[in-house]
file entry_39.pdb (PDB, C-alpha atoms)
MODEL        1
ATOM      1  CA  MET A 267     -11.612 -18.797  37.855
ATOM      2  CA  ASN A 268     -12.585 -16.491  40.668
ATOM      3  CA  ASN A 269     -14.694 -13.572  39.523
ATOM      4  CA  ALA A 270     -13.982 -11.574  42.674
ATOM      5  CA  HIS A 271     -14.604  -8.298  40.880
ATOM      6  CA  PRO A 272     -17.887  -8.236  38.944
ATOM      7  CA  LEU A 273     -16.348  -6.299  36.032
ATOM      8  CA  ALA A 274     -13.164  -8.371  35.783
ATOM      9  CA  TRP A 275     -12.257 -10.078  32.525
ATOM     10  CA  TYR A 276      -9.336 -12.496  32.409
ATOM     11  CA  PRO A 277      -6.539 -13.143  29.887
ATOM     12  CA  ALA A 278      -6.624 -16.918  30.391
ATOM     13  CA  LEU A 279      -9.162 -19.675  30.947
ATOM     14  CA  THR A 280      -9.313 -22.050  33.886
ATOM     15  CA  ALA A 281     -11.752 -24.825  34.734
ATOM     16  CA  VAL A 282     -13.237 -25.228  31.262
ATOM     17  CA  SER A 283     -13.627 -28.398  29.259
ATOM     18  CA  TYR A 284     -11.360 -29.104  26.316
ATOM     19  CA  HIS A 285     -14.322 -28.642  23.946
ATOM     20  CA  GLN A 286     -15.152 -25.223  25.454
ATOM     21  CA  ARG A 287     -11.498 -24.180  25.399
ATOM     22  CA  VAL A 288     -11.138 -24.969  21.680
ATOM     23  CA  TRP A 289     -14.109 -22.747  20.843
ATOM     24  CA  LEU A 290     -13.223 -19.919  23.242
ATOM     25  CA  GLN A 291      -9.530 -19.620  22.380
ATOM     26  CA  ASP A 292      -9.775 -19.759  18.582
ATOM     27  CA  ARG A 293      -8.579 -16.370  17.311
ATOM     28  CA  GLY A 294      -9.834 -16.900  13.769
ATOM     29  CA  SER A 295     -13.262 -16.020  12.447
ATOM     30  CA  LEU A 296     -15.927 -17.547  14.672
ATOM     31  CA  THR A 297     -18.402 -17.127  11.816
ATOM     32  CA  ARG A 298     -16.215 -19.170   9.477
ATOM     33  CA  ARG A 299     -15.619 -21.847  12.121
ATOM     34  CA  ILE A 300     -19.360 -22.274  12.704
ATOM     35  CA  GLN A 301     -20.134 -22.205   8.958
ATOM     36  CA  GLU A 302     -17.642 -25.045   8.389
ATOM     37  CA  ARG A 303     -19.340 -27.179  11.052
ATOM     38  CA  CYS A 304     -23.025 -26.779  10.321
ATOM     39  CA  SER A 305     -25.502 -26.344   7.524
ATOM     40  CA  GLY A 306     -27.972 -23.522   7.613
ATOM     41  CA  PHE A 307     -25.728 -20.899   9.215
ATOM     42  CA  ARG A 308     -27.416 -17.529   9.586
ATOM     43  CA  VAL A 309     -27.171 -14.275  11.488
ATOM     44  CA  GLN A 310     -30.269 -12.943  13.222
ATOM     45  CA  PRO A 311     -30.006  -9.296  14.327
ATOM     46  CA  VAL A 312     -31.959  -8.621  17.523
ATOM     47  CA  PHE A 313     -30.847  -5.101  18.488
ATOM     48  CA  GLN A 314     -29.036  -2.225  16.809
ATOM     49  CA  SER A 315     -29.193   1.333  18.048
ATOM     50  CA  LEU A 316     -27.220   4.274  19.289
ATOM     51  CA  SER A 317     -27.097   3.615  22.990
ATOM     52  CA  ARG A 318     -25.170   4.008  26.179
ATOM     53  CA  VAL A 319     -22.871   1.069  26.834
ATOM     54  CA  TYR A 320     -22.622  -1.337  29.778
ATOM     55  CA  GLY A 321     -20.262  -2.168  32.625
ATOM     56  CA  ASP A 322     -16.637  -1.407  31.861
ATOM     57  CA  GLU A 323     -17.221  -0.980  28.112
ATOM     58  CA  PRO A 324     -16.803   2.835  28.194
ATOM     59  CA  ASP A 325     -13.332   2.392  29.735
ATOM     60  CA  VAL A 326     -12.342  -0.354  27.300
ATOM     61  CA  MET A 327     -13.554   1.739  24.356
ATOM     62  CA  GLY A 328     -12.080   5.003  25.613
ATOM     63  CA  LEU A 329     -15.514   6.643  25.688
ATOM     64  CA  ARG A 330     -16.375   9.603  27.856
ATOM     65  CA  SER A 331     -19.111   9.135  30.454
ATOM     66  CA  GLY A 332     -22.460   9.234  28.695
ATOM     67  CA  GLU A 333     -20.949   9.122  25.197
ATOM     68  CA  TRP A 334     -23.155   7.298  22.681
ATOM     69  CA  ALA A 335     -22.100   4.264  20.700
ATOM     70  CA  LEU A 336     -23.654   1.981  18.138
ATOM     71  CA  VAL A 337     -24.564  -1.263  19.887
ATOM     72  CA  ARG A 338     -25.357  -4.257  17.674
ATOM     73  CA  GLU A 339     -26.533  -7.609  18.975
ATOM     74  CA  VAL A 340     -27.100 -10.735  16.927
ATOM     75  CA  TYR A 341     -27.506 -14.462  17.330
ATOM     76  CA  LEU A 342     -25.424 -16.792  15.203
ATOM     77  CA  TYR A 343     -27.532 -19.797  14.274
ATOM     78  CA  CYS A 344     -26.707 -23.288  13.135
ATOM     79  CA  GLY A 345     -29.946 -24.330  11.485
ATOM     80  CA  ASP A 346     -32.725 -23.443  13.919
ATOM     81  CA  THR A 347     -30.446 -23.387  16.955
ATOM     82  CA  PRO A 348     -28.677 -20.298  18.299
ATOM     83  CA  VAL A 349     -25.075 -21.119  19.196
ATOM     84  CA  VAL A 350     -23.562 -17.663  19.889
ATOM     85  CA  PHE A 351     -24.888 -14.291  21.045
ATOM     86  CA  ALA A 352     -22.658 -11.477  19.753
ATOM     87  CA  HIS A 353     -22.596  -7.946  21.183
ATOM     88  CA  SER A 354     -20.530  -5.277  19.426
ATOM     89  CA  VAL A 355     -19.875  -1.652  20.332
ATOM     90  CA  VAL A 356     -18.406   1.110  18.171
ATOM     91  CA  ALA A 357     -18.153   4.763  19.203
ATOM     92  CA  ARG A 358     -20.671   6.953  17.385
ATOM     93  CA  LYS A 359     -17.870   9.225  16.149
ATOM     94  CA  ASN A 360     -16.180   6.232  14.445
ATOM     95  CA  LEU A 361     -19.245   5.454  12.334
ATOM     96  CA  ARG A 362     -18.075   8.210  10.002
ATOM     97  CA  GLY A 363     -14.542   6.854   9.945
ATOM     98  CA  ALA A 364     -13.058   3.381   9.757
ATOM     99  CA  TRP A 365     -16.303   1.648  10.730
ATOM    100  CA  ARG A 366     -18.736   3.642   8.577
ATOM    101  CA  GLY A 367     -20.268   0.554   6.941
ATOM    102  CA  LEU A 368     -21.206  -1.219  10.164
ATOM    103  CA  SER A 369     -24.601   0.348  10.672
ATOM    104  CA  GLY A 370     -25.824  -1.256   7.445
ATOM    105  CA  LEU A 371     -24.770  -4.873   8.073
ATOM    106  CA  GLY A 372     -28.300  -6.188   8.637
ATOM    107  CA  ASN A 373     -28.157  -9.991   8.690
ATOM    108  CA  LYS A 374     -24.564 -10.122   7.450
ATOM    109  CA  SER A 375     -21.865 -11.305   9.801
ATOM    110  CA  LEU A 376     -19.539  -8.717  11.347
ATOM    111  CA  GLY A 377     -16.834 -11.391  11.243
ATOM    112  CA  THR A 378     -16.933 -11.294   7.461
ATOM    113  CA  VAL A 379     -15.877  -7.638   7.601
ATOM    114  CA  LEU A 380     -13.317  -8.051  10.373
ATOM    115  CA  PHE A 381     -11.455 -11.027   8.947
ATOM    116  CA  THR A 382     -11.289  -9.992   5.289
ATOM    117  CA  ASN A 383      -9.315  -6.781   5.848
ATOM    118  CA  PRO A 384      -5.663  -7.529   6.700
ATOM    119  CA  ARG A 385      -5.204  -3.992   8.116
ATOM    120  CA  ILE A 386      -7.603  -4.731  10.978
ATOM    121  CA  LYS A 387      -5.701  -5.741  14.113
ATOM    122  CA  ARG A 388      -7.120  -7.720  17.037
ATOM    123  CA  THR A 389      -6.140  -7.393  20.690
ATOM    124  CA  PRO A 390      -5.674 -10.491  22.868
ATOM    125  CA  LEU A 391      -8.851 -12.252  23.929
ATOM    126  CA  GLN A 392     -10.311 -11.741  27.394
ATOM    127  CA  PHE A 393     -12.664 -14.213  29.056
ATOM    128  CA  LYS A 394     -15.449 -14.138  31.617
ATOM    129  CA  LYS A 395     -18.080 -16.511  32.947
ATOM    130  CA  VAL A 396     -21.387 -14.631  33.119
ATOM    131  CA  GLY A 397     -24.535 -15.529  35.016
ATOM    132  CA  SER A 398     -27.961 -14.173  35.797
ATOM    133  CA  GLY A 399     -27.814 -10.439  36.540
ATOM    134  CA  HIS A 400     -24.897  -9.764  34.171
ATOM    135  CA  PHE A 401     -26.136  -7.763  31.185
ATOM    136  CA  LEU A 402     -24.543 -10.144  28.644
ATOM    137  CA  TYR A 403     -26.139 -13.213  30.202
ATOM    138  CA  ASP A 404     -29.519 -11.513  30.549
ATOM    139  CA  ARG A 405     -29.491 -10.291  26.925
ATOM    140  CA  ALA A 406     -28.186 -13.607  25.547
ATOM    141  CA  CYS A 407     -30.775 -15.682  27.453
ATOM    142  CA  SER A 408     -33.759 -13.323  27.136
ATOM    143  CA  ARG A 409     -35.462 -15.546  24.522
ATOM    144  CA  PHE A 410     -34.861 -18.899  26.180
ATOM    145  CA  PRO A 411     -37.323 -20.515  28.577
ATOM    146  CA  ASP A 412     -34.644 -22.826  30.004
ATOM    147  CA  LYS A 413     -31.636 -20.806  31.086
ATOM    148  CA  PRO A 414     -28.238 -22.339  31.894
ATOM    149  CA  ALA A 415     -26.572 -21.535  35.217
ATOM    150  CA  ASP A 416     -23.861 -19.524  33.437
ATOM    151  CA  LEU A 417     -22.239 -18.938  30.063
ATOM    152  CA  TRP A 418     -18.706 -18.269  28.875
ATOM    153  CA  ALA A 419     -18.004 -15.042  27.028
ATOM    154  CA  ARG A 420     -14.943 -13.658  25.307
ATOM    155  CA  ARG A 421     -14.141 -10.230  23.954
ATOM    156  CA  SER A 422     -11.469  -8.306  22.092
ATOM    157  CA  LEU A 423     -10.974  -5.020  20.308
ATOM    158  CA  PHE A 424     -10.554  -4.826  16.556
ATOM    159  CA  THR A 425      -8.740  -1.687  15.429
ATOM    160  CA  LEU A 426      -8.485   0.009  12.045
ATOM    161  CA  HIS A 427      -6.859   3.443  11.551
ATOM    162  CA  GLY A 428      -6.738   3.977  15.328
ATOM    163  CA  GLN A 429     -10.488   3.397  15.727
ATOM    164  CA  SER A 430     -11.787   0.373  17.611
ATOM    165  CA  ILE A 431     -14.818  -1.863  17.799
ATOM    166  CA  LEU A 432     -15.378  -4.044  20.842
ATOM    167  CA  VAL A 433     -16.713  -7.494  19.957
ATOM    168  CA  THR A 434     -18.051  -9.747  22.700
ATOM    169  CA  GLU A 435     -19.252 -13.269  21.975
ATOM    170  CA  VAL A 436     -21.323 -15.263  24.429
ATOM    171  CA  PHE A 437     -21.165 -18.997  23.772
ATOM    172  CA  LEU A 438     -24.554 -20.655  24.116
ATOM    173  CA  PRO A 439     -24.806 -24.299  25.281
ATOM    174  CA  ALA A 440     -25.604 -25.637  21.780
ATOM    175  CA  ILE A 441     -22.118 -24.620  20.538
ATOM    176  CA  LEU A 442     -20.833 -27.745  22.282
ATOM    177  CA  ASN A 443     -22.958 -29.913  19.976
ATOM    178  CA  LEU A 444     -20.897 -28.820  16.962
ATOM    179  CA  PRO A 445     -17.838 -30.854  16.014
ATOM    180  CA  LEU A 446     -14.417 -29.437  16.795
TER     181      LEU A 446
ENDMDL
END
call {"tool": "encode", "arguments": {"input": "entry_39.pdb", "output": "structure tokens"}}
result
Amino acid sequence: MNNAHPLAWYPALTAVSYHQRVWLQDRGSLTRRIQERCSGFRVQPVFQSLSRVYGDEPDVMGLRSGEWALVREVYLYCGDTPVVFAHSVVARKNLRGAWRGLSGLGNKSLGTVLFTNPRIKRTPLQFKKVGSGHFLYDRACSRFPDKPADLWARRSLFTLHGQSILVTEVFLPAILNLPL
């Protein structure tokens, strides 16, 4: 996959292993998939605040330049090992609407909310390989002394009553140690 444009996300995967592809392309609940394959699943919040958003996220979210959004970042753990870094963005104005409960999730999984309401619709997945210097890579790897060369990420919008949340998941190397 040629990332000629630094902001480009792609609708399909190329040059990934079968194991990576299975994890990246699964459109079900990532939380549930990990829970079924490990003991000691937990969510560790690392950042949640009203903030400006990164890269092309304002365009994807339909936000005006400088508009604030709630940004939430967590690690999904299998035992003591982080396997996914998740970054979600919801427009500040939507915290009073369809997504009003999101600011109080704490160490609960966002996936639990998104996949239990049949009215929530998901857009097709987009994929990107991120490396050092990309905000997702830098945030996902900030706590690790040994950093991989790059990581695969996927994202999609979840929409309820015309209001969207952008969910991006960065797959950490340890995800490949879990059974398919």
call {"tool": "residues_around", "arguments": {"input": "entry_39.pdb", "residues": "range 325-338 of chain A", "least_positions_apart": "2", "cutoff": "9 Å", "atoms": "all atoms listed in the file", "output": "PyMOL selection string"}}
result
chain A and resi 311-319+321-323+340+352-361+368-369+423+430-432
call {"tool": "resolve_selection", "arguments": {"input": "entry_39.pdb", "expression": "the PyMOL selection byres ((chain A and resi 438) around 12)", "output": "ChimeraX atom specification"}}
result
/A:286,289-290,341-344,347-352,395-396,402-403,405-407,410,412-420,435-437,439-444
call {"tool": "closest_residue", "arguments": {"input": "entry_39.pdb", "among": "A:Thr382, A:Arg299, A:Phe393, A:His427", "to": "Ala274 in chain A", "atoms": "all atoms listed in the file"}}
result
A:Phe393
call {"tool": "atom_distance", "arguments": {"input": "entry_39.pdb", "atom1": "CA of Pro390 in chain A", "atom2": "CA of Ser422 in chain A"}}
result
6.2 Å
call {"tool": "residues_around", "arguments": {"input": "entry_39.pdb", "residues": "Thr378 in chain A", "least_positions_apart": "3", "cutoff": "12 Å", "atoms": "all atoms listed in the file", "output": "list in words"}}
result
Gly294, Ser295, Leu296, Thr297, Arg298, Arg299, Gln301, Val309, Leu368, Leu371, Asn373, Lys374, Ser375, Phe381, Thr382, Asn383, Pro384 and Ile386 of chain A
call {"tool": "atom_distance", "arguments": {"input": "entry_39.pdb", "atom1": "CA of Tyr276 in chain A", "atom2": "CA of Gln392 in chain A"}}
result
5.2 Å
call {"tool": "atom_distance", "arguments": {"input": "entry_39.pdb", "atom1": "CA of Lys394 in chain A", "atom2": "CA of Val282 in chain A"}}
result
11.3 Å
call {"tool": "residues_around", "arguments": {"input": "entry_39.pdb", "residues": "Gly345 in chain A", "least_positions_apart": "6", "cutoff": "10 Å", "atoms": "all atoms listed in the file", "output": "ChimeraX atom specification"}}
result
/A:304-308
call {"tool": "write_last_selection", "arguments": {"input": "entry_39.pdb", "atoms": "C-alpha atoms", "output": "PDB file, keeping the file's coordinate frame"}}
result
ATOM      1  CA  CYS A 304     -23.025 -26.779  10.321  1.00  0.00           C
ATOM      2  CA  SER A 305     -25.502 -26.344   7.524  1.00  0.00           C
ATOM      3  CA  GLY A 306     -27.972 -23.522   7.613  1.00  0.00           C
ATOM      4  CA  PHE A 307     -25.728 -20.899   9.215  1.00  0.00           C
ATOM      5  CA  ARG A 308     -27.416 -17.529   9.586  1.00  0.00           C
TER       6      ARG A 308
END
call {"tool": "axis_aligned_box", "arguments": {"input": "entry_39.pdb", "around": "range 276-285 of chain A", "padding_each_side": "6 Å", "output": "JSON"}}
result
{"center_x": -10.4, "center_y": -20.8, "center_z": 29.3, "size_x": 19.8, "size_y": 28.6, "size_z": 22.8}
